[in-house]
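Peer 1: Please see the structure below; I have some questions.
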Amino acid sequence: MRPQLGISQRLIQLGVLIFILAAWYIGTMPGHINPLLLPPPIPVFKDFWVLLTTSGIWPDLWVTVHEWIVAVAIAAIAGCSLGYIISRSAYAVRVFDPLLAGIYSIPAILLFPLYLLFFGLGAGSKIAIGTTIAFFPVVLNTIAGLANVDKAYIRAAQSMGANDFQLFWSVMLPAAFPVVLTGLRLGCIIAFLAILGGETISSLAGLGHRIVSLAENMESAQMFANIVFAVLMAFIINGIVSFAEARGRRGFQ
Amino acid sequence: MNRGDAVIKVEGVSQAFGAEGDPRRVVALESATLDIARGELLCLIGPSGCGKSTLLNIIGGLATQSTGRVTIDGQEVRGPSPQKVAYVFQENTLFPWRTVIDNVKLGMAFQGVAKAERESRARQSLEAVGLADFAQHYPAQLSGGMKQRVQLARALGLQTEILLMDEPFAALDEQTRMVLGEDLSVLLARTGKTIIFVTHSLVEAVFLADRVAVLTARPGRIKKIIHVDEPHPRKSEFMTSTKLGDLRNELYELLHDEIRKTMTHQPAEAGV
Amino acid sequence: MTATTISSVPRVRRGPVMSPGWARLLAIFILLALWEIGARLYADPLFLCPPSQAIASLPHIFGDPKIVNAIRVTILELVAAFSMSVTIGLAIGLAVGLHGFTKQSILPVILMLYATPQATILPLFVLIFGIGPAAKIAFGVSHGIFPVIVTTVAGVQNLRPQLLRAAHSMGASRWQVFTSIIFPHMIPSFFTGMRLGMTAVLLGVLLAELYVSTAGIGFYTRLFAESFSPPDLFALISVLAAIAVTLNELCRMAERHFRRWNAD
């Protein structure tokens, strides 16, 4: 329930924004904050503009996006398949659902050094961590969606003579679809975050890698610009994925 | 009035949960024996938990009985018989992701009816319930009464001989129920199906049925069967007649004690 | 939760089946066995090792005082970051949530910050705080405060205004209203926030530790990875995972306990 934001609240938000920008500008004037830690706003905006309007960042952007797409694809296929298989038996659900939820609670980032060992510093380790972390919301939601189909629908279909295949295809799949879609959205989002994290820890290319190298070279303004770019990418991906989920759900609610 | 031979025979059907001697054992239905004639409309009525829905589910093959047997046209019922029996449920079972007409067509698709015929049958059924204009709507856009009519259309579209209806109007307000009841009577007179109808409403039972089977409180037994001798389709004048009033009073007498028994002895349980 | 299985006839009760708890242990055991056999037969020992070797490495891990110290420091960082997240998050959450005005103007800013990928600013944290524990604690706090703030605000938000009016009509002062109504009402959400905060702090601190590869845990994970010693690496990771699970479980138990007490 979102109350309509009044003019005064919008003004406050704008005021906060202006305050932050002003503080940033004044604080970084010569003699105040160390420019290596917080560069002044104008160089940052200039560098950010360069990032947006030239193609310098595209190779790294493509590396990150490509890692993300592959990770999500593998997680989606594996998660939906395993989720389907488990959901076929109430007993299997009782055994494996808590087990998977329990494993999910272990911070997945701990696996990353193992993936570095196994896959090396390239895209493989990032895809692996992205897949690992995205797998869980997909499989858990697939199980939840398929196992919790409203029994009324199933009874109705059975009374109309549906065989097992028809029941699955015409009733259970569409009924489960919104929940599965939510799981896929969550998986997409956390996969992107995990991949950025992996690139930050150790990588040869990608958005995270750029930020780290710029930090190591003390190029503060550029680093900040790249951070803003990466955050922007995250928001765009969030937006695309949420939109896709909302569209997908619309036909099925 | 002799309508026809018995098409459904229920012989000594009982339904119990839990083993003998188990203190938590629940006997939903005890030794129900009943014959339902071709083309008749039989109402099952009784207090909550008396097993009327259970009996309906057993006849329809959606539940298994503990003892006894049910035959339809001489064949024992072992599971859903979609060729012979169509169901109208109390809760909404229209699939929200399909349009109204696609919902009506779905059951036919399950049974392998040809595409062209599905379309024509679906349209006919929707016409019969007065919803032809809503074919392309989604269930979410319909009112409760309209959704139930679509469920009825779906059941009619299957062109089965037998129709089982489990409190189909329970979720609707009384005024809608009255109107739908009249529509149902007209519809059924035309189609000549054999119908078993579960309801809580005394007036609805008398208005619609040829016979009303009254069940006792749990464990449910058939206490008495009342005949309603009135030709179909039932007109709205019947609703206000003394004949209906008398029959309703007779039902009330039969049911009153059973309802009391339910309230003092057991916690109410829905859907049994 | 009973699953809906695809069968057209009601299922008949079979004889006693293994309880799910035992079945789970069996499943884990089977997986470990497959890993053990598969690794022994097929794995290149430079990249993958069977679990038995990983377990055999544990004494090596615990025997090295420098590694033990790194683990100890990590635990201290986790505890520090968690405590700070909870206190700061609670303070901010109450300040924001109790006044409708601040809630509507500042909360959206907080939510936006919550949604940013913090991995991108990790190098910045290290630049500011250095490679010692401070950066890791700070990064952990940066992760942990958000769930605490959001759940605190939610906990305060759901309070029915009638309760507040009733208290005021009985002459309660603001402080009394806070301690006797608002605070108890908020406790269940707060403990949920604590549990989510613990998960977030774990992510933040561990991510920072792994990034700083010149000292601490990150040094040893890099060392073991670069020297291709999977048993040591597996052993170290397992120890960290065990610590994480324990901390998560403690918070979950606390949450369950306090939610039961205040069943609203």
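Numbering starts fresh at 1 for the residues of each chain in the structure tokens, the chains themselves are lettered A, B, ... in the order given, and ligands are numbered from 1 as they appear.
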For the interface of chain C with chain A (cut-off 8 Å, counting only C-alpha atoms), please tabulate each contacting residue of chain C alongside its nearest pair of atoms and their separation in Å to one decimal, rows sorted by chain and increasing number, as a Markdown table.
Peer 2:
```
| residue | atom | partner | partner_atom | distance |
| --- | --- | --- | --- | --- |
| C:Thr2 | CA | A:Ala90 | CA | 6.4 |
| C:Ala3 | CA | A:Ala147 | CA | 4.4 |
| C:Thr4 | CA | A:Ala147 | CA | 5.2 |
| C:Thr5 | CA | A:Arg88 | CA | 5.7 |
| C:Ile6 | CA | A:Asp164 | CA | 6.3 |
| C:Ser7 | CA | A:Asp164 | CA | 7.1 |
| C:Ser8 | CA | A:Gln158 | CA | 6.4 |
| C:Pro20 | CA | A:Val95 | CA | 4.8 |
| C:Gly21 | CA | A:Val95 | CA | 7.0 |
| C:Ala23 | CA | A:Val95 | CA | 6.4 |
| C:Arg24 | CA | A:Val95 | CA | 5.7 |
| C:Phe47 | CA | A:Phe118 | CA | 5.2 |
| C:Leu48 | CA | A:Phe118 | CA | 7.2 |
| C:Phe101 | CA | A:Gln9 | CA | 7.3 |
| C:Gln104 | CA | A:Gln9 | CA | 6.5 |
| C:Ser105 | CA | A:Gln9 | CA | 5.2 |
| C:Ile106 | CA | A:Gln13 | CA | 7.0 |
| C:Val109 | CA | A:Gln13 | CA | 7.7 |
| C:Thr116 | CA | A:Val231 | CA | 6.1 |
| C:Pro117 | CA | A:Leu193 | CA | 6.0 |
| C:Ala119 | CA | A:Gly197 | CA | 5.0 |
| C:Thr120 | CA | A:Ile227 | CA | 5.8 |
| C:Ile121 | CA | A:Ile227 | CA | 6.8 |
| C:Leu122 | CA | A:Thr200 | CA | 7.8 |
| C:Pro123 | CA | A:Val212 | CA | 6.0 |
| C:Leu124 | CA | A:Ala215 | CA | 7.1 |
| C:Leu127 | CA | A:Leu37 | CA | 6.8 |
| C:Ile128 | CA | A:Leu37 | CA | 6.2 |
| C:Thr199 | CA | A:Pro107 | CA | 7.7 |
| C:Leu202 | CA | A:Pro107 | CA | 7.1 |
| C:Leu203 | CA | A:Pro107 | CA | 6.3 |
| C:Leu206 | CA | A:Leu110 | CA | 7.5 |
| C:Leu207 | CA | A:Ile109 | CA | 6.9 |
| C:Leu210 | CA | A:Ile201 | CA | 6.4 |
| C:Tyr211 | CA | A:Ile201 | CA | 4.5 |
| C:Val212 | CA | A:Ile201 | CA | 7.9 |
| C:Thr221 | CA | A:Pro113 | CA | 6.3 |
| C:Arg222 | CA | A:Pro113 | CA | 7.3 |
| C:Ala225 | CA | A:Leu117 | CA | 5.0 |
| C:Glu226 | CA | A:Leu117 | CA | 7.2 |
| C:Phe228 | CA | A:Leu117 | CA | 6.8 |
| C:Pro230 | CA | A:Leu117 | CA | 7.6 |
| C:Leu233 | CA | A:Leu114 | CA | 7.1 |
| C:Phe234 | CA | A:Leu114 | CA | 7.3 |
| C:Ile237 | CA | A:Leu110 | CA | 6.3 |
| C:Leu240 | CA | A:Leu110 | CA | 7.7 |
| C:Ala241 | CA | A:Ile106 | CA | 6.4 |
| C:Ala244 | CA | A:Ile106 | CA | 6.6 |
| C:Val245 | CA | A:Ile106 | CA | 6.0 |
| C:Asn248 | CA | A:Ser105 | CA | 7.7 |
```
Peer 1: I want to know what sits within 7 Å of stretch 181-198 of chain C, based on only C-alpha atoms, with residues of the same chain fewer than 5 positions away left out; could you give that as a CSV table (one decimal) with N, CA and C atoms, in the first residue's frame?
Peer 2:
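Result saved to out_25.csv:
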```
chain,number,residue,atom,x,y,z
C,82,PHE,N,28.2,-7.4,13.3
C,82,PHE,CA,26.8,-7.7,13.6
C,82,PHE,C,26.3,-6.8,14.7
C,86,VAL,N,23.2,-4.1,14.2
C,86,VAL,CA,22.0,-4.2,14.9
C,86,VAL,C,21.7,-2.9,15.7
C,144,GLY,N,24.8,-5.2,6.8
C,144,GLY,CA,23.9,-5.6,7.8
C,144,GLY,C,22.9,-4.6,8.2
C,145,ILE,N,23.2,-3.3,8.1
C,145,ILE,CA,22.2,-2.4,8.7
C,145,ILE,C,20.9,-2.4,7.9
C,147,PRO,N,18.8,-4.7,6.3
C,147,PRO,CA,17.7,-5.5,6.7
C,147,PRO,C,17.1,-5.1,8.1
C,148,VAL,N,18.0,-4.7,9.0
C,148,VAL,CA,17.6,-4.3,10.3
C,148,VAL,C,16.7,-3.1,10.2
C,151,THR,N,13.2,-4.0,8.5
C,151,THR,CA,12.3,-4.8,9.3
C,151,THR,C,11.9,-4.0,10.6
C,152,THR,N,12.8,-3.1,11.1
C,152,THR,CA,12.4,-2.3,12.2
C,152,THR,C,11.3,-1.3,11.8
C,155,GLY,N,8.1,-3.2,11.5
C,155,GLY,CA,7.6,-3.6,12.8
C,155,GLY,C,6.9,-2.5,13.5
C,156,VAL,N,7.4,-1.3,13.3
C,156,VAL,CA,6.8,-0.1,13.9
C,156,VAL,C,5.5,0.3,13.1
C,248,ASN,N,24.2,-18.4,11.8
C,248,ASN,CA,22.9,-18.2,11.2
C,248,ASN,C,21.9,-19.0,12.1
C,251,CYS,N,21.0,-17.2,15.3
C,251,CYS,CA,20.0,-16.1,15.1
C,251,CYS,C,18.6,-16.6,14.8
C,252,ARG,N,18.6,-17.8,14.0
C,252,ARG,CA,17.2,-18.3,13.7
C,252,ARG,C,16.6,-18.8,15.0
C,255,GLU,N,15.3,-15.9,16.9
C,255,GLU,CA,14.1,-15.4,16.2
C,255,GLU,C,12.9,-16.2,16.6
C,258,PHE,N,11.7,-15.7,20.1
C,258,PHE,CA,11.0,-14.4,20.4
C,258,PHE,C,9.7,-14.2,19.6
C,259,ARG,N,9.6,-14.9,18.5
C,259,ARG,CA,8.3,-14.8,17.8
C,259,ARG,C,7.2,-15.6,18.6
C,262,ASN,N,5.8,-13.6,21.4
C,262,ASN,CA,5.0,-12.5,21.1
C,262,ASN,C,4.2,-12.8,19.9
```
Peer 1: Between atom CA of A:Glu245 and atom CA of A:Ala134, measure the distance and give it in Å to one decimal.
Peer 2: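 Between these atoms lies a distance of 15.8 Å.
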Peer 1: Check the DSSP output for the backbone and give back, as a PyMOL selection string, the residues of stretch 37-248 of chain A in alpha helix (DSSP H).
Peer 2: chain A and resi 41-53+58-87+90-104+112-119+123-147+151-159+164-166+173-201+207-216+220-248
Peer 1: Residues of chain B within 6 Å of chain A, counting only C-alpha atoms, what are they? List them as a list in words.
Peer 2: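 Contact residues on the first chain: Pro80, Pro82, Thr93, Pro96, Trp97, Gly107 and Phe110 of chain B.
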Peer 1: Could you work out which residues of chain B fall inside 10 Å of chain C? Count only C-alpha atoms, and format the result as a PDB file with N, CA and C atoms, in the first residue's frame.
Peer 2:
```pdb
ATOM      1  N   GLY B  61     -16.596 -40.991  -8.149  1.00  0.00           N
ATOM      2  CA  GLY B  61     -15.301 -41.626  -8.317  1.00  0.00           C
ATOM      3  C   GLY B  61     -14.120 -40.789  -7.850  1.00  0.00           C
ATOM      4  N   LEU B  62     -14.397 -39.699  -7.148  1.00  0.00           N
ATOM      5  CA  LEU B  62     -13.291 -38.859  -6.667  1.00  0.00           C
ATOM      6  C   LEU B  62     -12.841 -39.257  -5.269  1.00  0.00           C
ATOM      7  N   ALA B  63     -13.571 -40.172  -4.653  1.00  0.00           N
ATOM      8  CA  ALA B  63     -13.175 -40.684  -3.346  1.00  0.00           C
ATOM      9  C   ALA B  63     -13.504 -42.162  -3.316  1.00  0.00           C
ATOM     10  N   THR B  64     -12.804 -42.921  -2.472  1.00  0.00           N
ATOM     11  CA  THR B  64     -13.103 -44.363  -2.396  1.00  0.00           C
ATOM     12  C   THR B  64     -13.822 -44.677  -1.107  1.00  0.00           C
ATOM     13  N   ARG B  78     -14.929 -47.065 -10.074  1.00  0.00           N
ATOM     14  CA  ARG B  78     -13.610 -47.225  -9.451  1.00  0.00           C
ATOM     15  C   ARG B  78     -12.759 -45.969  -9.519  1.00  0.00           C
ATOM     16  N   GLY B  79     -13.214 -44.996 -10.239  1.00  0.00           N
ATOM     17  CA  GLY B  79     -12.444 -43.762 -10.410  1.00  0.00           C
ATOM     18  C   GLY B  79     -13.333 -42.792 -11.150  1.00  0.00           C
ATOM     19  N   PRO B  80     -12.834 -41.636 -11.484  1.00  0.00           N
ATOM     20  CA  PRO B  80     -13.680 -40.680 -12.206  1.00  0.00           C
ATOM     21  C   PRO B  80     -14.155 -41.284 -13.536  1.00  0.00           C
TER      22      PRO B  80
END
```
Peer 1: Nearest to B:Thr216: which of B:Ile58, B:Ile259, B:Leu41, B:Val179 is it, counting only C-alpha atoms?
Peer 2: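 Checking each of B:Ile58, B:Ile259, B:Leu41, B:Val179 against B:Thr216, counting only C-alpha atoms, the winner is B:Ile259.
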Peer 1: For each of A:Ala244, A:Ala221, A:Ala73, A:Ile33, take the minimum atom-to-atom distance to A:Pro178, counting only C-alpha atoms, then give the residue where this is smallest.
Peer 2: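 Distance minimum relative to A:Pro178 lands on A:Ala244.
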Peer 1: Near A:Asp47, counting only C-alpha atoms, which residues have an atom at most 8 Å away, once you skip same-chain residues fewer than 3 positions from it, shown as number ranges by chain?
Peer 2: A: 43-44, 50-51, 221-222, 225
Peer 1: I'd like the contact shell of B:Glu258 - 6 Å cut-off, only C-alpha atoms, skipping same-chain residues fewer than 3 positions apart - returned as a list of chain:residue names.
Peer 2: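 Counting only the stated atoms, we get B:Thr216, B:Ala217, B:Leu255, B:Lys261.
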Peer 1: Only C-alpha atoms, please: the residues just picked out, written as an mmCIF file, in the first residue's frame.
Peer 2:
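Everything below was put into result22.cif:
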```cif
data_model
loop_
_atom_site.group_PDB
_atom_site.id
_atom_site.type_symbol
_atom_site.label_atom_id
_atom_site.label_comp_id
_atom_site.auth_asym_id
_atom_site.auth_seq_id
_atom_site.Cartn_x
_atom_site.Cartn_y
_atom_site.Cartn_z
ATOM 1 C CA THR B 216 -28.519 -37.715 9.717
ATOM 2 C CA ALA B 217 -25.725 -36.144 11.700
ATOM 3 C CA LEU B 255 -33.355 -31.878 10.023
ATOM 4 C CA LYS B 261 -26.886 -33.090 17.374
#
```
Peer 1: So which residues touch stretch 33-40 of chain B within 7 Å, counting only C-alpha atoms, skipping near sequence neighbours fewer than 3 positions away, as a VMD selection string?
Peer 2: chain B and resid 3 to 13 192 to 195 210
Peer 1: How many Å separate atom CA of B:Ile196 from atom CA of B:Asn57?
Peer 2: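 Answer for the atom CA of B:Ile196 to atom CA of B:Asn57 separation: 10.9 Å.
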